[in-house]
$ cat coords-v8.cif   # mmCIF, C-alpha atoms
data_data
loop_
_atom_site.label_atom_id
_atom_site.label_comp_id
_atom_site.auth_asym_id
_atom_site.auth_seq_id
_atom_site.Cartn_x
_atom_site.Cartn_y
_atom_site.Cartn_z
CA MET A 33 0.00 0.00 0.00
CA SER A 34 1.35 3.45 -0.94
CA GLU A 35 1.98 6.21 1.59
CA SER A 36 -0.88 8.28 0.12
CA GLU A 37 -3.30 5.37 0.60
CA LEU A 38 -2.05 4.82 4.15
CA MET A 39 -2.59 8.49 4.91
CA LYS A 40 -6.15 8.32 3.59
CA ASN A 41 -6.80 5.31 5.83
CA GLY A 42 -5.37 7.17 8.82
CA SER A 43 -2.36 4.86 9.18
CA LEU A 44 0.11 7.72 8.79
CA SER A 45 0.08 10.98 10.75
CA LEU A 46 1.26 14.30 9.38
CA CYS A 47 4.71 15.49 10.39
CA THR A 48 4.96 18.37 12.86
CA GLU A 49 8.75 18.43 12.70
CA PHE A 50 11.60 17.17 10.55
CA THR A 51 14.90 15.56 11.47
CA LEU A 52 17.93 16.82 9.55
CA VAL A 53 20.29 13.88 9.02
CA ALA A 54 23.11 16.33 8.14
CA PHE A 55 26.52 14.78 8.90
CA SER A 56 25.30 12.09 11.35
CA SER A 57 27.45 9.46 9.62
CA LEU A 58 30.54 11.45 10.70
CA ALA A 59 29.76 11.31 14.41
CA GLU A 60 33.42 11.34 15.48
CA LEU A 61 34.08 14.50 13.41
CA GLN A 62 31.15 16.61 14.61
CA LEU A 63 33.31 18.90 16.77
CA VAL A 64 35.95 19.29 14.06
CA LEU A 65 33.28 20.15 11.49
CA PHE A 66 31.76 22.64 13.94
CA PHE A 67 35.01 24.61 14.24
CA VAL A 68 35.76 24.41 10.50
CA PHE A 69 32.33 25.75 9.52
CA LEU A 70 32.41 28.33 12.32
CA VAL A 71 35.72 29.74 11.05
CA ILE A 72 34.43 29.80 7.46
CA TYR A 73 31.21 31.51 8.58
CA LEU A 74 32.99 34.20 10.60
CA PHE A 75 35.47 34.78 7.75
CA THR A 76 32.62 35.11 5.23
CA VAL A 77 30.55 37.52 7.29
CA GLY A 78 33.64 39.52 8.31
CA GLY A 79 35.04 39.64 4.77
CA ASN A 80 31.79 40.76 3.16
CA LEU A 81 31.18 43.29 5.92
CA LEU A 82 34.69 44.65 5.38
CA ILE A 83 34.03 45.08 1.65
CA ILE A 84 30.82 46.99 2.40
CA CYS A 85 32.57 49.26 4.92
CA VAL A 86 35.58 49.96 2.64
CA ILE A 87 33.31 50.90 -0.27
CA TRP A 88 31.11 52.98 2.05
CA VAL A 89 34.01 55.14 3.30
CA THR A 90 35.76 55.47 -0.08
CA PRO A 91 34.06 58.10 -2.30
CA CYS A 92 35.92 57.06 -5.45
CA LEU A 93 34.24 53.63 -5.19
CA HIS A 94 30.73 55.10 -5.21
CA THR A 95 30.09 53.84 -8.74
CA PRO A 96 27.47 51.44 -10.18
CA MET A 97 29.88 48.48 -10.17
CA TYR A 98 30.59 48.85 -6.46
CA PHE A 99 26.95 49.62 -5.67
CA PHE A 100 26.11 46.16 -7.00
CA LEU A 101 29.10 44.67 -5.15
CA VAL A 102 27.75 46.09 -1.86
CA ASN A 103 24.39 44.48 -2.64
CA LEU A 104 26.11 41.18 -3.45
CA SER A 105 28.18 41.25 -0.25
CA PHE A 106 25.10 41.99 1.87
CA LEU A 107 23.20 39.21 0.09
CA GLU A 108 26.05 36.72 0.67
CA MET A 109 26.08 37.50 4.41
CA CYS A 110 22.34 36.83 4.59
CA TYR A 111 22.64 33.77 2.33
CA ILE A 112 25.21 31.95 4.45
CA SER A 113 23.44 33.06 7.66
CA SER A 114 20.23 31.36 6.51
CA VAL A 115 21.96 27.96 6.62
CA VAL A 116 25.21 27.79 8.61
CA PRO A 117 24.14 28.95 12.15
CA GLN A 118 21.50 26.22 12.33
CA MET A 119 23.97 23.69 10.92
CA LEU A 120 26.46 24.65 13.65
CA VAL A 121 23.83 24.08 16.34
CA HIS A 122 22.92 20.69 14.89
CA LEU A 123 26.58 19.63 14.91
CA LEU A 124 26.51 19.97 18.71
CA VAL A 125 23.05 18.80 19.74
CA GLN A 126 20.78 15.80 19.53
CA PRO A 127 18.17 15.38 18.17
CA LYS A 128 18.72 17.46 15.04
CA THR A 129 15.11 18.52 14.60
CA ILE A 130 13.38 21.50 13.03
CA SER A 131 9.68 22.33 13.03
CA VAL A 132 7.78 22.32 9.75
CA GLY A 133 7.26 26.06 10.19
CA GLY A 134 10.97 26.59 10.85
CA CYS A 135 11.83 24.51 7.80
CA ALA A 136 9.46 26.58 5.66
CA ALA A 137 10.97 29.82 7.00
CA GLN A 138 14.47 28.64 6.17
CA MET A 139 13.42 27.63 2.65
CA TYR A 140 11.70 30.99 2.10
CA VAL A 141 14.85 32.92 3.07
CA PHE A 142 17.31 30.63 1.31
CA THR A 143 15.43 30.40 -2.00
CA ILE A 144 14.60 34.12 -2.12
CA LEU A 145 18.26 35.02 -1.58
CA GLY A 146 19.40 32.42 -4.11
CA LEU A 147 17.18 33.69 -6.93
CA THR A 148 17.95 37.30 -6.01
CA GLU A 149 21.64 36.52 -6.42
CA CYS A 150 20.97 35.03 -9.88
CA CYS A 151 19.27 38.27 -10.94
CA LEU A 152 21.85 40.49 -9.25
CA LEU A 153 24.71 38.74 -11.06
CA ALA A 154 22.86 39.42 -14.32
CA ALA A 155 22.55 43.12 -13.35
CA MET A 156 26.30 43.20 -12.65
CA ALA A 157 26.95 41.65 -16.07
CA TYR A 158 24.81 44.36 -17.68
CA ASP A 159 26.82 47.01 -15.85
CA ARG A 160 30.08 45.61 -17.25
CA PHE A 161 28.49 45.28 -20.72
CA VAL A 162 27.52 48.97 -20.79
CA ALA A 163 30.88 50.08 -19.30
CA ILE A 164 32.95 48.25 -21.93
CA CYS A 165 30.71 48.24 -25.00
CA TYR A 166 29.17 51.71 -24.58
CA PRO A 167 31.62 53.68 -22.42
CA LEU A 168 30.43 57.08 -23.69
CA HIS A 169 26.85 56.32 -22.64
CA TYR A 170 27.77 54.68 -19.33
CA SER A 171 26.82 57.56 -17.00
CA LEU A 172 23.47 57.93 -18.77
CA ARG A 173 22.56 54.23 -18.97
CA MET A 174 23.81 53.38 -15.48
CA GLY A 175 22.64 56.39 -13.48
CA PRO A 176 21.64 56.07 -9.80
CA SER A 177 17.95 55.54 -10.59
CA VAL A 178 18.77 52.75 -13.09
CA CYS A 179 21.00 50.99 -10.54
CA LEU A 180 18.29 51.19 -7.88
CA LYS A 181 15.70 49.82 -10.31
CA LEU A 182 17.95 46.89 -11.31
CA ALA A 183 18.72 46.02 -7.69
CA GLY A 184 15.07 46.44 -6.70
CA ALA A 185 13.91 44.27 -9.60
CA SER A 186 16.39 41.56 -8.55
CA TRP A 187 15.03 41.51 -4.99
CA MET A 188 11.39 41.66 -6.10
CA THR A 189 11.85 38.78 -8.56
CA GLY A 190 13.42 36.63 -5.84
CA ILE A 191 10.74 37.49 -3.27
CA VAL A 192 7.70 37.00 -5.54
CA VAL A 193 8.80 33.86 -7.41
CA GLU A 194 10.26 31.97 -4.44
CA SER A 195 7.48 32.97 -2.03
CA VAL A 196 4.95 31.42 -4.41
CA GLN A 197 7.09 28.33 -5.02
CA THR A 198 7.88 27.68 -1.34
CA THR A 199 4.27 28.26 -0.27
CA TRP A 200 3.19 25.74 -2.89
CA ILE A 201 5.75 23.18 -1.65
CA PHE A 202 4.47 23.44 1.93
CA THR A 203 0.88 22.82 0.88
CA LEU A 204 2.01 19.22 0.31
CA PRO A 205 1.26 16.75 3.13
CA PHE A 206 4.37 15.43 4.91
CA CYS A 207 4.02 12.25 6.91
CA GLY A 208 6.09 9.40 8.30
CA VAL A 209 9.36 9.87 10.21
CA GLY A 210 10.24 13.12 8.41
CA ARG A 211 13.98 12.49 7.99
CA ILE A 212 15.56 15.03 5.63
CA GLN A 213 18.73 13.64 4.05
CA HIS A 214 20.44 17.02 4.17
CA PHE A 215 21.89 19.64 6.54
CA PHE A 216 19.21 22.25 5.75
CA CYS A 217 15.72 22.46 4.22
CA ASP A 218 16.60 22.43 0.54
CA ILE A 219 13.86 22.00 -2.05
CA MET A 220 14.29 18.46 -3.37
CA PRO A 221 15.07 16.71 -0.05
CA VAL A 222 11.89 18.24 1.43
CA VAL A 223 9.72 17.41 -1.61
CA LYS A 224 10.86 13.78 -1.32
CA LEU A 225 9.14 13.57 2.08
CA ALA A 226 5.69 14.30 0.69
CA CYS A 227 3.36 11.33 1.03
CA VAL A 228 1.58 12.00 -2.25
CA ASP A 229 2.67 11.69 -5.86
CA THR A 230 4.92 14.71 -6.49
CA SER A 231 5.80 14.04 -10.14
CA GLN A 232 3.76 17.02 -11.38
CA ASN A 233 5.20 19.24 -8.65
CA GLU A 234 8.71 18.25 -9.68
CA ILE A 235 8.00 19.08 -13.32
CA VAL A 236 6.74 22.53 -12.34
CA LEU A 237 9.74 23.07 -10.03
CA PHE A 238 12.07 22.05 -12.86
CA ILE A 239 10.37 24.48 -15.28
CA VAL A 240 10.53 27.33 -12.74
CA SER A 241 14.22 26.60 -12.11
CA LEU A 242 14.86 26.42 -15.86
CA ILE A 243 13.21 29.79 -16.49
CA PHE A 244 14.44 31.79 -13.52
CA ILE A 245 17.93 30.30 -13.19
CA MET A 246 18.72 29.85 -16.87
CA SER A 247 17.33 33.21 -18.05
CA PRO A 248 19.84 35.29 -16.03
CA CYS A 249 22.56 32.78 -16.95
CA VAL A 250 21.84 33.13 -20.69
CA PHE A 251 21.76 36.92 -20.33
CA ILE A 252 25.16 36.85 -18.59
CA LEU A 253 26.64 34.61 -21.31
CA CYS A 254 25.32 36.86 -24.09
CA SER A 255 26.66 39.94 -22.29
CA TYR A 256 30.12 38.44 -21.98
CA VAL A 257 30.17 37.32 -25.61
CA ARG A 258 29.59 40.96 -26.61
CA ILE A 259 32.14 42.14 -24.04
CA LEU A 260 34.75 39.67 -25.33
CA LEU A 261 34.21 40.76 -28.94
CA THR A 262 34.55 44.41 -27.91
CA ILE A 263 37.73 43.73 -25.93
CA LEU A 264 39.31 41.85 -28.86
CA ARG A 265 38.68 44.87 -31.11
CA MET A 266 40.52 47.25 -28.76
CA PRO A 267 43.75 48.53 -30.37
CA SER A 268 46.04 48.48 -27.32
CA ALA A 269 47.06 45.54 -25.16
CA ALA A 270 46.88 47.76 -22.06
CA GLY A 271 43.27 48.67 -22.87
CA ARG A 272 42.34 45.02 -23.38
CA HIS A 273 43.99 44.04 -20.09
CA LYS A 274 42.27 46.81 -18.17
CA ALA A 275 38.85 45.97 -19.62
CA PHE A 276 39.23 42.26 -18.92
CA SER A 277 40.49 42.84 -15.37
CA THR A 278 37.25 44.68 -14.48
CA CYS A 279 35.28 41.57 -15.49
CA SER A 280 37.47 38.73 -14.21
CA SER A 281 36.21 38.80 -10.60
CA HIS A 282 32.59 38.74 -11.73
CA ILE A 283 33.26 35.87 -14.16
CA LEU A 284 34.79 33.78 -11.36
CA VAL A 285 31.86 34.42 -9.01
CA VAL A 286 29.31 33.62 -11.73
CA SER A 287 31.14 30.39 -12.62
CA LEU A 288 31.22 29.22 -9.00
CA PHE A 289 27.60 30.11 -8.27
CA TYR A 290 25.99 28.92 -11.48
CA GLY A 291 28.13 25.81 -11.79
CA THR A 292 26.77 24.36 -8.55
CA ALA A 293 23.25 25.83 -8.91
CA LEU A 294 22.73 24.34 -12.37
CA PHE A 295 24.12 20.98 -11.24
CA THR A 296 21.74 20.91 -8.28
CA TYR A 297 18.44 22.29 -9.53
CA LEU A 298 18.38 21.17 -13.16
CA GLN A 299 19.00 17.48 -12.44
CA PRO A 300 16.12 14.98 -12.65
CA LYS A 301 15.02 13.54 -9.30
CA SER A 302 16.56 10.14 -10.12
CA SER A 303 20.02 11.74 -10.28
CA HIS A 304 19.82 13.17 -6.77
CA THR A 305 21.61 11.28 -4.00
CA PRO A 306 22.09 12.47 -0.39
CA ASP A 307 25.88 12.60 -0.71
CA THR A 308 25.96 14.57 -3.99
CA ASP A 309 23.23 16.91 -2.73
CA LYS A 310 25.22 17.69 0.42
CA ALA A 311 28.51 18.15 -1.45
CA THR A 312 27.09 20.55 -4.03
CA ALA A 313 25.05 22.37 -1.37
CA LEU A 314 28.22 22.99 0.65
CA MET A 315 29.73 24.60 -2.44
CA TYR A 316 26.97 27.15 -3.02
CA THR A 317 25.96 27.75 0.62
CA VAL A 318 29.40 27.83 2.29
CA VAL A 319 32.34 27.81 -0.12
CA THR A 320 31.12 30.32 -2.74
CA PRO A 321 30.10 33.03 -0.22
CA ALA A 322 33.47 32.54 1.53
CA LEU A 323 35.42 32.92 -1.72
CA ASN A 324 33.64 36.08 -2.86
CA PRO A 325 35.51 38.44 -0.47
CA VAL A 326 38.81 36.83 -1.50
CA ILE A 327 38.03 37.15 -5.21
CA TYR A 328 36.89 40.77 -4.99
CA THR A 329 39.84 41.89 -2.85
CA LEU A 330 42.79 39.94 -4.26
CA ARG A 331 41.75 40.43 -7.91
CA ASN A 332 40.50 44.02 -7.68
CA LYS A 333 43.17 46.73 -7.58
CA GLU A 334 40.73 49.49 -6.65
CA VAL A 335 39.39 47.61 -3.63
CA LYS A 336 42.90 46.65 -2.54
CA GLU A 337 44.06 50.26 -2.86
CA ALA A 338 41.02 51.54 -0.94
CA PHE A 339 41.60 48.95 1.78
CA ARG A 340 45.27 49.99 2.03
CA LYS A 341 44.30 53.65 2.40
CA VAL A 342 41.73 52.84 5.08
CA LEU A 343 44.39 50.93 7.05
CA GLN A 344 46.86 53.79 6.64
CA ARG A 345 44.33 56.33 7.95
CA LYS A 346 43.54 54.10 10.90
CA LEU A 347 47.25 53.68 11.74
CA LEU A 348 47.84 57.44 11.49
CA ARG A 349 44.96 58.12 13.87
CA GLN A 350 46.35 55.61 16.37
CA MET A 351 49.82 57.19 16.15
CA ASN A 352 48.40 60.68 16.74
#
$ encode --input "coords-v8.cif" --output "structure tokens"
Amino acid sequence: MSESELMKNGSLSLCTEFTLVAFSSLAELQLVLFFVFLVIYLFTVGGNLLIICVIWVTPCLHTPMYFFLVNLSFLEMCYISSVVPQMLVHLLVQPKTISVGGCAAQMYVFTILGLTECCLLAAMAYDRFVAICYPLHYSLRMGPSVCLKLAGASWMTGIVVESVQTTWIFTLPFCGVGRIQHFFCDIMPVVKLACVDTSQNEIVLFIVSLIFIMSPCVFILCSYVRILLTILRMPSAAGRHKAFSTCSSHILVVSLFYGTALFTYLQPKSSHTPDTDKATALMYTVVTPALNPVIYTLRNKEVKEAFRKVLQRKLLRQMN
């Protein structure tokens, strides 16, 4: 007898809480994992906060590119904070439970931030496209109001689309033991717990992911094809190097984020396994946000120079 039939007969009760399996198979390494993820979390939050502060106090960085970078850094702090603090708690306590409401709240925040980042990366690609392909029109096309509209549209798209999708997911009945084979409430591991046929839901989720993840990705690819063609037509090697250097950090971040996102959300259900889901999820929830401050400081001369000047001013004040 199927789970849906058992539920109709009253043999199964609806879940009121879930158990996150997380890294239970690595019981002897729980404390080590706690300190590793704690260090990564503190580094990520501190690094992104430092980028925001440096840009804030440096007038020459008050440009569209760095406006979007501030938004990205803020988003990354929220993104990692939606997953890692709870994971740290569950590495230390038993049982590793979360209420259905808490699970829904985590999925709302996580998915909204994830889709917002997709759209924000596309906005950043458009900024670089205008700066390199239409430099004479840059101040007109990327004025303050345009930047605010692009950032606002990114956030609104994430909030509207993922609020609808997550609400729809949690209208499904969840019954049985409620064991989530993951370290947080990601979409597919939660959908697997539904005690009804979810094949149609999975098709809709796949289509939504295809549209709202792939559309920004295709836009970014098209933008960089045009950027590359423009750079190759530049007469001087110095000009080509300067133009490419302004895009390299963004290309790395896009590659890291989209590589894992596409692998995770555009796979058929049959391809998902707990181990691969956890490994790829660690990449886009922990590793990518931690690498962003490194990429944007080590590969960006303007940020490095601004950071150096901020340190110099601070040292001078201490000496005086």
$ atom_distance --input "coords-v8.cif" --atom1 "atom CA of A:Cys279" --atom2 "atom CA of A:Ile84"
19.2 Å
$ resolve_selection --input "coords-v8.cif" --expression "the PyMOL selection byres ((chain A and resi 53-62) around 10)" --output "PyMOL selection string"
chain A and resi 50-52+63-68+119-120+122-125+127-129+211-216+306-307+310
$ closest_residue --input "coords-v8.cif" --among "A:Arg345, A:Met266, A:Arg160, A:Tyr166" --to "A:Ser280" --atoms "all atoms listed in the file"
A:Arg160
$ closest_residue --input "coords-v8.cif" --among "A:Ile283, A:Val162, A:Leu153, A:Leu253" --to "A:Asn103" --atoms "only C-alpha atoms"
A:Leu153
$ resolve_selection --input "coords-v8.cif" --expression "the PyMOL selection byres ((chain A and resi 150) around 10)" --output "JSON, numbers by chain"
{"A": [145, 146, 147, 148, 149, 151, 152, 153, 154, 155, 186, 189, 190, 244, 245, 246, 247, 248, 249, 252, 286, 289, 290, 293]}
$ residues_near_point --input "coords-v8.cif" --point "(21.2, 33.3, 4.8)" --cutoff "9 Å" --atoms "all atoms listed in the file" --output "list in words"
Leu107, Glu108, Met109, Cys110, Tyr111, Ile112, Ser113, Ser114, Val115, Val116, Gln138, Val141, Phe142, Leu145 and Thr317 of chain A
$ write_last_selection --input "coords-v8.cif" --atoms "C-alpha atoms" --output "compact mmCIF listing (two decimals), in the frame of the given file"
# COMPACT_ATOMS: atom_id res chain seq x y z
CA LEU A 107 23.20 39.21 0.09
CA GLU A 108 26.05 36.72 0.67
CA MET A 109 26.08 37.50 4.41
CA CYS A 110 22.34 36.83 4.59
CA TYR A 111 22.64 33.77 2.33
CA ILE A 112 25.21 31.95 4.45
CA SER A 113 23.44 33.06 7.66
CA SER A 114 20.23 31.36 6.51
CA VAL A 115 21.96 27.96 6.62
CA VAL A 116 25.21 27.79 8.61
CA GLN A 138 14.47 28.64 6.17
CA VAL A 141 14.85 32.92 3.07
CA PHE A 142 17.31 30.63 1.31
CA LEU A 145 18.26 35.02 -1.58
CA THR A 317 25.96 27.75 0.62
$ resolve_selection --input "coords-v8.cif" --expression "the PyMOL selection byres ((chain A and resi 96) around 12)" --output "MDAnalysis selection string"
chainID A and resid 87 92:95 97:103 155:160 162:163 170:183
$ atom_distance --input "coords-v8.cif" --atom1 "atom CA of A:Gly210" --atom2 "atom CA of A:Leu314"
21.9 Å
$ closest_residue --input "coords-v8.cif" --among "A:Leu323, A:Ala185, A:Ala136, A:Cys165" --to "A:Val257" --atoms "all atoms listed in the file"
A:Cys165
$ atom_distance --input "coords-v8.cif" --atom1 "atom CA of A:Ala322" --atom2 "atom CA of A:Thr76"
4.6 Å
$ residues_around --input "coords-v8.cif" --residues "A:Ile144" --least-positions-apart "6" --cutoff "9 Å" --atoms "only C-alpha atoms" --output "list of chain:residue names"
A:Trp187, A:Thr189, A:Gly190, A:Ile191, A:Val192, A:Val193, A:Glu194, A:Ser195
